[in-house]
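What follows is the content of start27.pdb, which has PDB, C-alpha atoms:
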ATOM      1  CA  MET A1397      12.622 116.577  85.396
ATOM      2  CA  GLU A1398      12.152 115.367  81.848
ATOM      3  CA  TYR A1399       9.625 116.541  79.290
ATOM      4  CA  SER A1400       8.769 114.691  76.043
ATOM      5  CA  PHE A1401       6.819 115.872  73.006
ATOM      6  CA  SER A1402       6.669 115.732  69.207
ATOM      7  CA  ALA A1403       7.743 118.766  67.217
ATOM      8  CA  LYS A1404       8.042 119.781  63.606
ATOM      9  CA  ILE A1405      11.382 121.029  62.272
ATOM     10  CA  GLU A1406      10.805 124.552  60.982
ATOM     11  CA  THR A1407      12.875 126.940  58.883
ATOM     12  CA  SER A1408      14.157 129.920  60.820
ATOM     13  CA  THR A1409      13.909 133.468  59.541
ATOM     14  CA  THR A1410      17.156 134.508  61.201
ATOM     15  CA  LYS A1411      20.606 134.440  59.616
ATOM     16  CA  VAL A1412      22.111 132.965  62.791
ATOM     17  CA  TRP A1413      20.632 129.452  62.440
ATOM     18  CA  THR A1414      18.522 127.704  59.836
ATOM     19  CA  ARG A1415      16.291 125.170  61.617
ATOM     20  CA  HIS A1416      14.494 124.916  64.929
ATOM     21  CA  PHE A1417      11.556 123.301  66.692
ATOM     22  CA  VAL A1418       9.000 125.016  68.918
ATOM     23  CA  VAL A1419       8.889 124.115  72.614
ATOM     24  CA  PRO A1420       5.351 123.873  74.091
ATOM     25  CA  ASP A1421       4.412 126.742  76.419
ATOM     26  CA  GLU A1422       3.770 124.426  79.390
ATOM     27  CA  CYS A1423       7.388 123.295  79.153
ATOM     28  CA  ILE A1424       8.972 126.763  79.296
ATOM     29  CA  ASP A1425       8.459 127.472  83.015
ATOM     30  CA  VAL A1426       9.708 124.000  83.928
ATOM     31  CA  PHE A1427      13.088 124.767  82.374
ATOM     32  CA  THR A1428      13.525 128.409  83.344
ATOM     33  CA  GLY A1429      16.212 128.503  86.010
ATOM     34  CA  GLU A1430      16.398 130.883  88.947
ATOM     35  CA  ASP A1431      18.840 132.996  86.938
ATOM     36  CA  GLY A1432      16.421 133.127  83.982
ATOM     37  CA  SER A1433      18.482 130.767  81.850
ATOM     38  CA  ARG A1434      16.740 128.070  79.867
ATOM     39  CA  ARG A1435      19.612 125.641  79.300
ATOM     40  CA  VAL A1436      18.500 122.106  78.478
ATOM     41  CA  VAL A1437      19.832 118.792  77.237
ATOM     42  CA  CYS A1438      17.864 117.718  74.183
ATOM     43  CA  LEU A1439      17.501 114.156  72.879
ATOM     44  CA  LEU A1440      16.079 113.943  69.349
ATOM     45  CA  ASN A1441      14.453 110.735  68.104
ATOM     46  CA  GLY A1442      16.099 108.853  70.972
ATOM     47  CA  THR A1443      19.390 109.069  69.081
ATOM     48  CA  ILE A1444      21.311 112.335  69.292
ATOM     49  CA  GLU A1445      21.729 114.247  72.538
ATOM     50  CA  PHE A1446      23.034 117.810  72.652
ATOM     51  CA  GLN A1447      23.055 120.800  74.983
ATOM     52  CA  CYS A1448      21.139 123.889  73.925
ATOM     53  CA  GLY A1449      19.019 126.754  75.139
ATOM     54  CA  ILE A1450      15.344 127.512  74.773
ATOM     55  CA  ILE A1451      15.410 130.754  72.817
ATOM     56  CA  SER A1452      13.072 133.072  70.950
ATOM     57  CA  VAL A1453      12.621 131.609  67.467
ATOM     58  CA  ARG A1454      10.115 134.265  66.374
ATOM     59  CA  LYS A1455       8.026 136.907  68.120
ATOM     60  CA  GLY A1456       6.324 135.340  71.134
ATOM     61  CA  VAL A1457       7.474 131.792  70.296
ATOM     62  CA  LEU A1458      10.252 129.876  72.045
ATOM     63  CA  GLY A1459      12.128 126.874  70.757
ATOM     64  CA  CYS A1460      15.493 125.195  70.248
ATOM     65  CA  MET A1461      17.717 125.437  67.223
ATOM     66  CA  VAL A1462      18.883 122.306  65.444
ATOM     67  CA  ASN A1463      22.079 122.624  63.447
ATOM     68  CA  LYS A1464      22.817 121.200  60.014
ATOM     69  CA  SER A1465      25.097 118.500  61.397
ATOM     70  CA  ILE A1466      22.394 117.105  63.695
ATOM     71  CA  CYS A1467      19.795 117.188  60.904
ATOM     72  CA  LYS A1468      22.184 115.347  58.598
ATOM     73  CA  LYS A1469      22.993 112.669  61.206
ATOM     74  CA  LEU A1470      19.280 112.099  61.835
ATOM     75  CA  GLY A1471      18.319 112.327  58.165
ATOM     76  CA  ILE A1472      15.758 115.034  58.904
ATOM     77  CA  ASP A1473      14.903 118.356  57.331
ATOM     78  CA  THR A1474      12.358 121.147  57.477
ATOM     79  CA  GLY A1475       8.828 119.795  57.816
ATOM     80  CA  ASP A1476       9.839 116.511  59.462
ATOM     81  CA  VAL A1477       8.411 115.624  62.875
ATOM     82  CA  VAL A1478      10.859 114.585  65.588
ATOM     83  CA  GLN A1479      10.463 113.116  69.047
ATOM     84  CA  VAL A1480      11.970 115.485  71.601
ATOM     85  CA  GLN A1481      13.025 114.813  75.179
ATOM     86  CA  LEU A1482      14.234 117.771  77.223
ATOM     87  CA  ARG A1483      15.826 117.762  80.642
ATOM     88  CA  GLU A1484      17.484 120.461  82.683
ATOM     89  CA  ASP A1485      21.136 121.061  81.874
ATOM     90  CA  THR A1486      22.940 120.986  85.201
ATOM     91  CA  SER A1487      26.449 121.121  83.732
ATOM     92  CA  GLU A1488      28.787 123.894  84.820
ATOM     93  CA  TYR A1489      29.103 125.595  81.438
ATOM     94  CA  GLY A1490      26.166 124.407  79.318
ATOM     95  CA  LEU A1491      28.619 122.746  76.920
ATOM     96  CA  PRO A1492      31.379 120.205  77.507
ATOM     97  CA  MET A1493      34.697 121.601  78.715
ATOM     98  CA  PRO A1494      37.313 120.285  76.241
ATOM     99  CA  GLU A1495      40.036 118.453  78.129
ATOM    100  CA  GLU A1496      42.646 120.346  76.094
ATOM    101  CA  PHE A1497      41.325 123.696  77.338
ATOM    102  CA  ALA A1498      40.792 122.481  80.904
ATOM    103  CA  GLU A1499      44.430 121.348  81.043
ATOM    104  CA  LEU A1500      45.652 124.671  79.676
ATOM    105  CA  LEU A1501      43.554 126.644  82.183
ATOM    106  CA  ARG A1502      44.920 124.482  84.998
ATOM    107  CA  TYR A1503      48.412 125.851  84.264
ATOM    108  CA  ASP A1504      47.605 129.349  82.971
ATOM    109  CA  HIS A1505      46.020 131.005  85.992
ATOM    110  CA  GLU A1506      45.649 134.364  84.261
ATOM    111  CA  ALA A1507      43.728 132.853  81.323
ATOM    112  CA  ASP A1508      41.662 130.822  83.812
ATOM    113  CA  THR A1509      40.731 133.959  85.761
ATOM    114  CA  TYR A1510      39.741 135.831  82.604
ATOM    115  CA  PHE A1511      37.759 132.885  81.216
ATOM    116  CA  HIS A1512      35.800 132.484  84.456
ATOM    117  CA  SER A1513      35.064 136.215  84.607
ATOM    118  CA  LEU A1514      33.245 136.065  81.236
ATOM    119  CA  THR A1515      29.478 135.785  81.002
ATOM    120  CA  ALA A1516      28.109 132.250  80.711
ATOM    121  CA  GLY A1517      27.171 132.917  77.081
ATOM    122  CA  LYS A1518      30.696 134.012  76.135
ATOM    123  CA  GLN A1519      32.149 131.007  77.942
ATOM    124  CA  ARG A1520      29.845 128.708  75.932
ATOM    125  CA  THR A1521      30.805 130.435  72.678
ATOM    126  CA  LEU A1522      34.508 129.884  73.337
ATOM    127  CA  LEU A1523      33.919 126.256  74.367
ATOM    128  CA  TYR A1524      31.877 125.721  71.206
ATOM    129  CA  ILE A1525      34.722 127.119  69.087
ATOM    130  CA  ILE A1526      37.175 124.670  70.648
ATOM    131  CA  ASN A1527      34.797 121.687  70.607
ATOM    132  CA  SER A1528      33.910 122.202  66.940
ATOM    133  CA  ALA A1529      37.453 121.242  65.925
ATOM    134  CA  LYS A1530      37.599 117.749  64.469
ATOM    135  CA  ASN A1531      40.806 116.561  66.158
ATOM    136  CA  SER A1532      42.746 117.077  69.351
ATOM    137  CA  GLU A1533      45.628 118.923  67.665
ATOM    138  CA  LYS A1534      43.231 121.550  66.284
ATOM    139  CA  LYS A1535      41.495 121.783  69.695
ATOM    140  CA  ILE A1536      44.868 122.471  71.313
ATOM    141  CA  GLU A1537      45.646 125.198  68.750
ATOM    142  CA  ARG A1538      42.261 126.847  69.352
ATOM    143  CA  ALA A1539      42.588 126.561  73.134
ATOM    144  CA  ILE A1540      46.010 128.233  73.020
ATOM    145  CA  SER A1541      44.710 130.985  70.719
ATOM    146  CA  ILE A1542      41.766 131.653  73.031
ATOM    147  CA  ALA A1543      43.903 131.663  76.185
ATOM    148  CA  ASN A1544      46.408 134.032  74.557
ATOM    149  CA  HIS A1545      43.578 136.262  73.344
ATOM    150  CA  LEU A1546      41.992 136.488  76.800
ATOM    151  CA  VAL A1547      45.295 137.386  78.445
ATOM    152  CA  LYS A1548      46.313 139.853  75.735
ATOM    153  CA  ASN A1549      42.917 141.615  75.871
ATOM    154  CA  ARG A1550      42.521 141.381  79.654
ATOM    155  CA  GLY A1551      39.394 139.250  79.474
ATOM    156  CA  LYS A1552      37.684 141.104  76.636
ATOM    157  CA  VAL A1553      36.705 139.023  73.604
ATOM    158  CA  ASP A1554      37.053 140.498  70.138
ATOM    159  CA  TYR A1555      35.740 137.672  67.936
ATOM    160  CA  LYS A1556      37.118 139.155  64.715
ATOM    161  CA  GLU A1557      40.600 139.440  66.198
ATOM    162  CA  LEU A1558      40.290 135.973  67.755
ATOM    163  CA  ASN A1559      39.293 134.472  64.422
ATOM    164  CA  ILE A1560      42.344 136.023  62.747
ATOM    165  CA  SER A1561      44.663 134.662  65.434
ATOM    166  CA  MET A1562      43.153 131.166  65.176
ATOM    167  CA  LYS A1563      43.596 131.179  61.401
ATOM    168  CA  SER A1564      47.254 132.085  61.807
ATOM    169  CA  LYS A1565      47.638 129.118  64.201
ATOM    170  CA  SER A1566      49.275 131.207  66.891
ATOM    171  CA  ARG A1567      51.301 129.390  69.538
ATOM    172  CA  ILE A1568      51.969 130.220  73.176
ATOM    173  CA  GLU A1569      53.568 133.631  73.310
TER     174      GLU A1569
END
Show this structure as structure tokens.
Amino acid sequence: MEYSFSAKIETSTTKVWTRHFVVPDECIDVFTGEDGSRRVVCLLNGTIEFQCGIISVRKGVLGCMVNKSICKKLGIDTGDVVQVQLREDTSEYGLPMPEEFAELLRYDHEADTYFHSLTAGKQRTLLYIINSAKNSEKKIERAISIANHLVKNRGKVDYKELNISMKSKSRIE
């Protein structure tokens, strides 16, 4: 199912993200999965497609965040109206699995087991960290750091520790 509407880009009051748009109430139930998740694929202005979740943007109001990079690519900012198309996200993780990480998990069964025992949100966070790298070499370094971290910590994620290990460009131990 697909749902289209116009929405205004608004400034967020949270420190986690800076911009969002409100999703109409009649759309919320359509995209609430059996598990309660609200993962969607969003197409803005018929140009940029990205995976996201319908989240609380302020008390009693649900919407989707729009990051700085997407706003810059579209040439939009707070107050601008965008055309939104939402459809259910049926992907396995809610974000693309980087081929560098998939290959590593194929060979490191322990890291694979720990990764797949994480909550869906933690899996998405780790995939986002890898995918946000600009080149394949950096994605490989991040994938190795994450795999090592998961094994070392027996599937527990300590983001501060992980960040330190990624900055030191740790290699396979």
*Kindly provide, as a ChimeraX atom specification, the polymer residues lying within 8 Å of (9.5, 117.7, 58.1), counting all atoms listed in the file and using the coordinates exactly as they appear in the file.*
/A:1404-1406,1472-1477
*Would you translate the PyMOL selection byres ((chain A and resi 1503-1515) around 9) into the concrete set of residues it matches in this file, as a PyMOL selection string?*
chain A and resi 1498-1502+1516-1520+1542-1547+1550-1553
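Checking A:Ala1403, A:Ile1451, A:Met1397, A:Ala1529 one by one against Val1426 (chain A), counting all atoms listed in the file, you find the shortest gap at A:Met1397.
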*Name the residues that the PyMOL selection byres ((chain A and resi 1534) around 12) picks from the file above, as a list in words, using the file's chain letters and numbers.*
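When the PyMOL selection byres ((chain A and resi 1534) around 12) is applied, the selected residues are Pro1494, Glu1496, Phe1497, Ile1525, Ile1526, Asn1527, Ser1528, Ala1529, Lys1530, Asn1531, Ser1532, Glu1533, Lys1535, Ile1536, Glu1537, Arg1538, Ala1539, Ile1540, Ser1541, Met1562, Lys1563, Lys1565, Ser1566 and Arg1567 of chain A.
Residues matched by the PyMOL selection byres ((chain A and resi 1458) around 9) in this file: Phe1417, Val1418, Val1419, Pro1420, Asp1421, Ile1424, Ile1450, Ile1451, Ser1452, Val1453, Arg1454, Lys1455, Gly1456, Val1457, Gly1459 and Cys1460 of chain A.
Picture a line from CA of Leu1482 (chain A) to CA of Gln1447 (chain A); it runs 9.6 Å.
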As a PDB file, in the frame of the given file, please: region 1548-1565 of chain A completed to N, CA, C and O atoms.
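Resulting contents of selection.pdb:
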ATOM      1  N   LYS A1548      45.899 138.658  76.475  1.00  0.00           N
ATOM      2  CA  LYS A1548      46.313 139.853  75.735  1.00  0.00           C
ATOM      3  C   LYS A1548      45.273 140.973  75.861  1.00  0.00           C
ATOM      4  O   LYS A1548      45.627 142.145  76.001  1.00  0.00           O
ATOM      5  N   ASN A1549      43.991 140.617  75.836  1.00  0.00           N
ATOM      6  CA  ASN A1549      42.917 141.615  75.871  1.00  0.00           C
ATOM      7  C   ASN A1549      42.293 141.777  77.255  1.00  0.00           C
ATOM      8  O   ASN A1549      41.207 142.349  77.381  1.00  0.00           O
ATOM      9  N   ARG A1550      42.959 141.254  78.263  1.00  0.00           N
ATOM     10  CA  ARG A1550      42.521 141.381  79.654  1.00  0.00           C
ATOM     11  C   ARG A1550      41.068 140.965  79.859  1.00  0.00           C
ATOM     12  O   ARG A1550      40.274 141.660  80.478  1.00  0.00           O
ATOM     13  N   GLY A1551      40.718 139.822  79.269  1.00  0.00           N
ATOM     14  CA  GLY A1551      39.394 139.250  79.474  1.00  0.00           C
ATOM     15  C   GLY A1551      38.317 139.750  78.534  1.00  0.00           C
ATOM     16  O   GLY A1551      37.173 139.313  78.623  1.00  0.00           O
ATOM     17  N   LYS A1552      38.651 140.634  77.633  1.00  0.00           N
ATOM     18  CA  LYS A1552      37.684 141.104  76.636  1.00  0.00           C
ATOM     19  C   LYS A1552      37.815 140.217  75.403  1.00  0.00           C
ATOM     20  O   LYS A1552      38.917 139.878  74.986  1.00  0.00           O
ATOM     21  N   VAL A1553      36.674 139.876  74.784  1.00  0.00           N
ATOM     22  CA  VAL A1553      36.705 139.023  73.604  1.00  0.00           C
ATOM     23  C   VAL A1553      36.349 139.850  72.373  1.00  0.00           C
ATOM     24  O   VAL A1553      35.281 140.449  72.301  1.00  0.00           O
ATOM     25  N   ASP A1554      37.279 139.880  71.444  1.00  0.00           N
ATOM     26  CA  ASP A1554      37.053 140.498  70.138  1.00  0.00           C
ATOM     27  C   ASP A1554      37.059 139.330  69.154  1.00  0.00           C
ATOM     28  O   ASP A1554      38.110 138.815  68.783  1.00  0.00           O
ATOM     29  N   TYR A1555      35.857 138.894  68.740  1.00  0.00           N
ATOM     30  CA  TYR A1555      35.740 137.672  67.936  1.00  0.00           C
ATOM     31  C   TYR A1555      36.433 137.789  66.583  1.00  0.00           C
ATOM     32  O   TYR A1555      36.996 136.809  66.089  1.00  0.00           O
ATOM     33  N   LYS A1556      36.440 138.974  66.000  1.00  0.00           N
ATOM     34  CA  LYS A1556      37.118 139.155  64.715  1.00  0.00           C
ATOM     35  C   LYS A1556      38.626 138.954  64.891  1.00  0.00           C
ATOM     36  O   LYS A1556      39.261 138.227  64.120  1.00  0.00           O
ATOM     37  N   GLU A1557      39.175 139.582  65.905  1.00  0.00           N
ATOM     38  CA  GLU A1557      40.600 139.440  66.198  1.00  0.00           C
ATOM     39  C   GLU A1557      40.937 137.988  66.566  1.00  0.00           C
ATOM     40  O   GLU A1557      41.949 137.442  66.124  1.00  0.00           O
ATOM     41  N   LEU A1558      40.074 137.366  67.354  1.00  0.00           N
ATOM     42  CA  LEU A1558      40.290 135.973  67.755  1.00  0.00           C
ATOM     43  C   LEU A1558      40.293 135.061  66.534  1.00  0.00           C
ATOM     44  O   LEU A1558      41.146 134.180  66.413  1.00  0.00           O
ATOM     45  N   ASN A1559      39.365 135.282  65.633  1.00  0.00           N
ATOM     46  CA  ASN A1559      39.293 134.472  64.422  1.00  0.00           C
ATOM     47  C   ASN A1559      40.577 134.593  63.596  1.00  0.00           C
ATOM     48  O   ASN A1559      41.103 133.598  63.106  1.00  0.00           O
ATOM     49  N   ILE A1560      41.094 135.805  63.487  1.00  0.00           N
ATOM     50  CA  ILE A1560      42.344 136.023  62.747  1.00  0.00           C
ATOM     51  C   ILE A1560      43.492 135.273  63.414  1.00  0.00           C
ATOM     52  O   ILE A1560      44.282 134.612  62.738  1.00  0.00           O
ATOM     53  N   SER A1561      43.562 135.338  64.732  1.00  0.00           N
ATOM     54  CA  SER A1561      44.663 134.662  65.434  1.00  0.00           C
ATOM     55  C   SER A1561      44.543 133.139  65.324  1.00  0.00           C
ATOM     56  O   SER A1561      45.537 132.444  65.199  1.00  0.00           O
ATOM     57  N   MET A1562      43.318 132.626  65.312  1.00  0.00           N
ATOM     58  CA  MET A1562      43.153 131.166  65.176  1.00  0.00           C
ATOM     59  C   MET A1562      43.533 130.715  63.776  1.00  0.00           C
ATOM     60  O   MET A1562      44.101 129.646  63.605  1.00  0.00           O
ATOM     61  N   LYS A1563      43.240 131.530  62.784  1.00  0.00           N
ATOM     62  CA  LYS A1563      43.596 131.179  61.401  1.00  0.00           C
ATOM     63  C   LYS A1563      45.104 131.185  61.198  1.00  0.00           C
ATOM     64  O   LYS A1563      45.634 130.439  60.398  1.00  0.00           O
ATOM     65  N   SER A1564      45.798 132.028  61.943  1.00  0.00           N
ATOM     66  CA  SER A1564      47.254 132.085  61.807  1.00  0.00           C
ATOM     67  C   SER A1564      47.946 131.036  62.660  1.00  0.00           C
ATOM     68  O   SER A1564      49.173 130.980  62.708  1.00  0.00           O
ATOM     69  N   LYS A1565      47.130 130.216  63.372  1.00  0.00           N
ATOM     70  CA  LYS A1565      47.638 129.118  64.201  1.00  0.00           C
ATOM     71  C   LYS A1565      48.701 129.602  65.186  1.00  0.00           C
ATOM     72  O   LYS A1565      49.790 129.062  65.287  1.00  0.00           O
TER      73      LYS A1565
END
